[in-house]
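All remarks here apply to the structure that follows.
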Amino acid sequence: MHTRSPRLRSGAQEAPRTGPTMDSSWGRQSSPELGRGKRLSVGELRSFFEAHCAAAARELPDPAKRSCRPPNGLLPPVIPQLTVTPEESEEAQGSPKGPPPDPASGWLGTGSSLHLLQSRRLSNSSLSSTGSSSVFEDSEDDLLSDTEGRSQGIVHLEHGEDTNQKKSWHTIKTMVNLPVISPFKKRYSWVQLAGHTGSFKAADSDTILKRFSENEKECFELLMKDPLRSCVPAFHGVVERDGEKYIQLDDLLADFEGPCVMDCKMGIRTYLEEELTKAREKPKLRKDMYKKMIEVDPLAPTAEENTQHAVTKPRYMQWRETISSSANLGFRIEGIKRADGTCNTNFKTTKTREQVFQVFMEFIEGNTTILKKYLKRLHDIHLILESSDFFKRHEVIGSSLLFVHDNSGHANVWLIDFGKTTLLPDGQTLDHRIPWQEGNREDGYLLGLDNLISILDSITER
């Protein structure tokens with residue numbers, strides 16, 4: 001893929017030029033080729049910008065030069081902004097197809113400051129969901145920070161539908177856009193394995209901003225006063241950015257180098273009882289959900305659903321839990337990001353204990369030190385959950401356990417995502433283990449944690 005090189009035209013009243021001249025609007029020399037509106041290659045653009053930067057630097061007084069560049073004269077590297085979008089959205093925008101462009105960057109003078117004129121936009125249709133999200137998919141905002149690049153880049157990896165591709169692990173391909181960003185400001189990036197794009201923004205001091213939810217804010221306020229505080233990202237209040245409200249949370253990956261990350265969605269269901277009730281009150285045939293169903297299992301729809309080429313939302317929601325390990329084990333694997341940046345969200349039908357066992361073996365790469373740290377942390381979380389008043393009095397739906405480790409042997413686990421965690425009425429409490437029957441609001445969280453610990457224990461025994 002490539003982008004069109006920008007064309008810069010001189011003013012209509014400007015006299016023809018035979019050589020490089022001074023452009024008062026830029027405060028430096030401009031090229032005669034640009035005055036004629038000639039299309040430039042990436043290499044020519046690079047040379048052009050470097051020449052103008054060099055000229056600008058020569059014109060600056062010594063103190064200004066010292067403020068613009070570090071002592072060694074080299075500008076620090078900047079990781080560009082990253083966003084995974086569906087292939088269809090590129091075509092709709094008229095993005096030309098072709099090989100990735102030369103990632104060479106140029107420096108553009110703006111007044112007396114220098115800015116890097118480059119970012120990359122990542123696209124892989126197999127990693128992005130282009131269909132309508134189901135109720136539980138709407139709430140799955142699973143945050144994975146990637147501090148390796150320290151950029152503002154965001155990689156959104158939503159649930160990818162099954163395709164005919166032979167490999168489930170994908171390397172992301174790139175194309176070049178040209179927004180202006182500063183190379184001198186510390187930046188952050190993260191990977192969102194599931195959920196709506198645009199839910200997160202970078203913040204300062206190893207924190208991130210998550211799109212505001214009144215329910216989640218109230219949960220975090222309670223969690224900060226509960227023993228579970230040590231098991232969740234620290235909450236730093238509510239902030240406003242670009243006219244929108246966000247909750248500010250710790251970046252859980254700030255202390256990892258090249259982290260490997262796994263998201264496990266906990267519980268026997270990922271939808272609230274009230275969502276199921278509302279969907280039944282206004283039943284609507286959904287062709288998009290039927291399409292998702294047959295892509296995973298062509299034999300799943302009934303004869304009537306095949307005739308209608310559609311299913312209802314309650315039917316899809318309940319079927320979705322049964323094809324993964326949610327219904328039988330009380331948790332399911334949502335996605336994994338490896339240290340090399342490859343990601344896999346193709347775990348929709350990972351259902352049995354043996355299948356989960358194999359996924360974890362690959363995730364830890366046989367490293368028993370990391371495995372033991374995970375097990376110790378899970379046992380600690382288990383004890384804290386048993387004593388937590390917050391946990392007893394809430395229906396915990398759509399929440400995840402986030403596993404993170406790196407090559408140094410550093411490993412940890414946190415509870416994340418409380419957008420659907422609901423306070424129970426009238427002092428009611430839950431067991432979190434007994435089977436769910438509509439009306440009892442049981443979520444099966446501890447059932448899932450018990451099974452997860454058991455599976456990891458079995459790895460140590462082999």
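A note on labels: chains of the structure tokens are A, B, ... as shown, every chain counts residues from 1, and ligands are counted from 1 in their shown order.
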Using only C-alpha atoms, find each residue of segment 311-359 of chain A with at least one atom at most 10 Å away from an atom of segment 290-298 of chain A; report its shortest atom-to-atom pair and that distance in Å (one decimal), sort the rows by chain and rising residue number, and return the result as CSV.
residue,atom,partner,partner_atom,distance
A:Val311,CA,A:Tyr290,CA,5.3
A:Thr312,CA,A:Tyr290,CA,8.4
A:Lys313,CA,A:Tyr290,CA,9.5
A:Arg315,CA,A:Tyr290,CA,9.9
A:Tyr316,CA,A:Met293,CA,7.5
A:Trp319,CA,A:Met293,CA,8.5
A:Arg320,CA,A:Met293,CA,8.2
A:Ile323,CA,A:Val296,CA,8.8
A:Lys348,CA,A:Val296,CA,8.0
A:Thr349,CA,A:Val296,CA,7.9
Export of prior selection with C-alpha atoms as a PDB file, in the first residue's frame:
ATOM      1  CA  VAL A 311     -31.236 -15.677  14.603  1.00  0.00           C
ATOM      2  CA  THR A 312     -32.472 -13.723  17.606  1.00  0.00           C
ATOM      3  CA  LYS A 313     -30.051 -11.981  19.921  1.00  0.00           C
ATOM      4  CA  ARG A 315     -30.284 -17.273  20.927  1.00  0.00           C
ATOM      5  CA  TYR A 316     -26.933 -15.985  19.687  1.00  0.00           C
ATOM      6  CA  TRP A 319     -25.023 -20.164  21.852  1.00  0.00           C
ATOM      7  CA  ARG A 320     -21.857 -18.043  21.932  1.00  0.00           C
ATOM      8  CA  ILE A 323     -18.975 -23.033  21.862  1.00  0.00           C
ATOM      9  CA  LYS A 348     -13.814 -18.906  19.921  1.00  0.00           C
ATOM     10  CA  THR A 349     -13.953 -22.705  19.939  1.00  0.00           C
TER      11      THR A 349
END
Hey, could you make a per-residue contact list for segment 211-305 of chain A against segment 359-378 of chain A with 9 Å as the cut-off, showing the nearest pair of atoms and its distance in Å to one decimal, counting only C-alpha atoms, sorted by chain and number, as CSV?
residue,atom,partner,partner_atom,distance
A:Cys260,CA,A:Phe363,CA,7.7
A:Val261,CA,A:Phe363,CA,8.4
A:Met262,CA,A:Phe363,CA,7.9
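Checking A:Arg211, A:Arg433, A:Arg286, A:Lys265 one by one against Gly243 of chain A, counting only C-alpha atoms, you find the shortest gap at A:Arg211.
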Here atom CA of Phe403 of chain A and atom CA of Gly335 of chain A stand apart by 10.7 Å
I'd like to know which residues of segment 321-448 of chain A are helix (DSSP H, G or I) (by DSSP, run on the backbone); could you write them as an NGL selection string? :A and (321-323 or 326-329 or 353-364 or 368-387 or 389-392 or 425-427 or 445-448)
If you count only C-alpha atoms, the residue of A:Ile416, A:Val396, A:Ile455, A:Leu222 closest to Leu249 of chain A turns out to be A:Ile416
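We find atom CA of Thr277 of chain A and atom CA of Gln428 of chain A to be spaced 20.2 Å apart.
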Between A:Leu223, A:Ile453, A:Ala203, A:Leu401, smallest distance to Asp417 of chain A by only C-alpha atoms belongs to A:Leu401
Excluding Asp389 of chain A and any residue of its chain fewer than 5 positions from it, enumerate the residues within 10 Å of it, using only C-alpha atoms, and give them as a PDB file with C-alpha atoms, in the first residue's frame.
ATOM      1  CA  LEU A 222     -15.464   0.958  45.844  1.00  0.00           C
ATOM      2  CA  LEU A 223     -12.526  -1.229  44.805  1.00  0.00           C
ATOM      3  CA  ASP A 226     -11.645  -2.993  49.264  1.00  0.00           C
ATOM      4  CA  PRO A 227      -8.995  -5.713  49.742  1.00  0.00           C
ATOM      5  CA  LEU A 228      -9.219  -6.230  45.959  1.00  0.00           C
ATOM      6  CA  ILE A 384      -8.733 -11.999  48.493  1.00  0.00           C
ATOM      7  CA  HIS A 394     -21.627  -7.716  42.931  1.00  0.00           C
ATOM      8  CA  THR A 429     -24.833 -11.875  47.922  1.00  0.00           C
TER       9      THR A 429
END
Pairwise distance, atom CA of His236 of chain A with atom CA of Phe220 of chain A, equals 9.4 Å
List as a ChimeraX atom specification the protein and nucleic acid residues near Ile333 of chain A, meaning an atom at most 12 Å away when only C-alpha atoms are counted, but skip any in the same chain fewer than 4 places from it.
/A:142,159,193-194,261-267,321,324-326,329,337,344-353,355-360,363,400-403,448,452
Among A:Leu447, A:Leu252, A:Val413, A:Leu272, Glu395 of chain A is approached most closely, using only C-alpha atoms, by A:Leu272
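Proximity of A:Glu273, A:Glu218, A:Glu50, A:Asp204 to Glu442 of chain A, computed with only C-alpha atoms, is greatest for A:Glu273.
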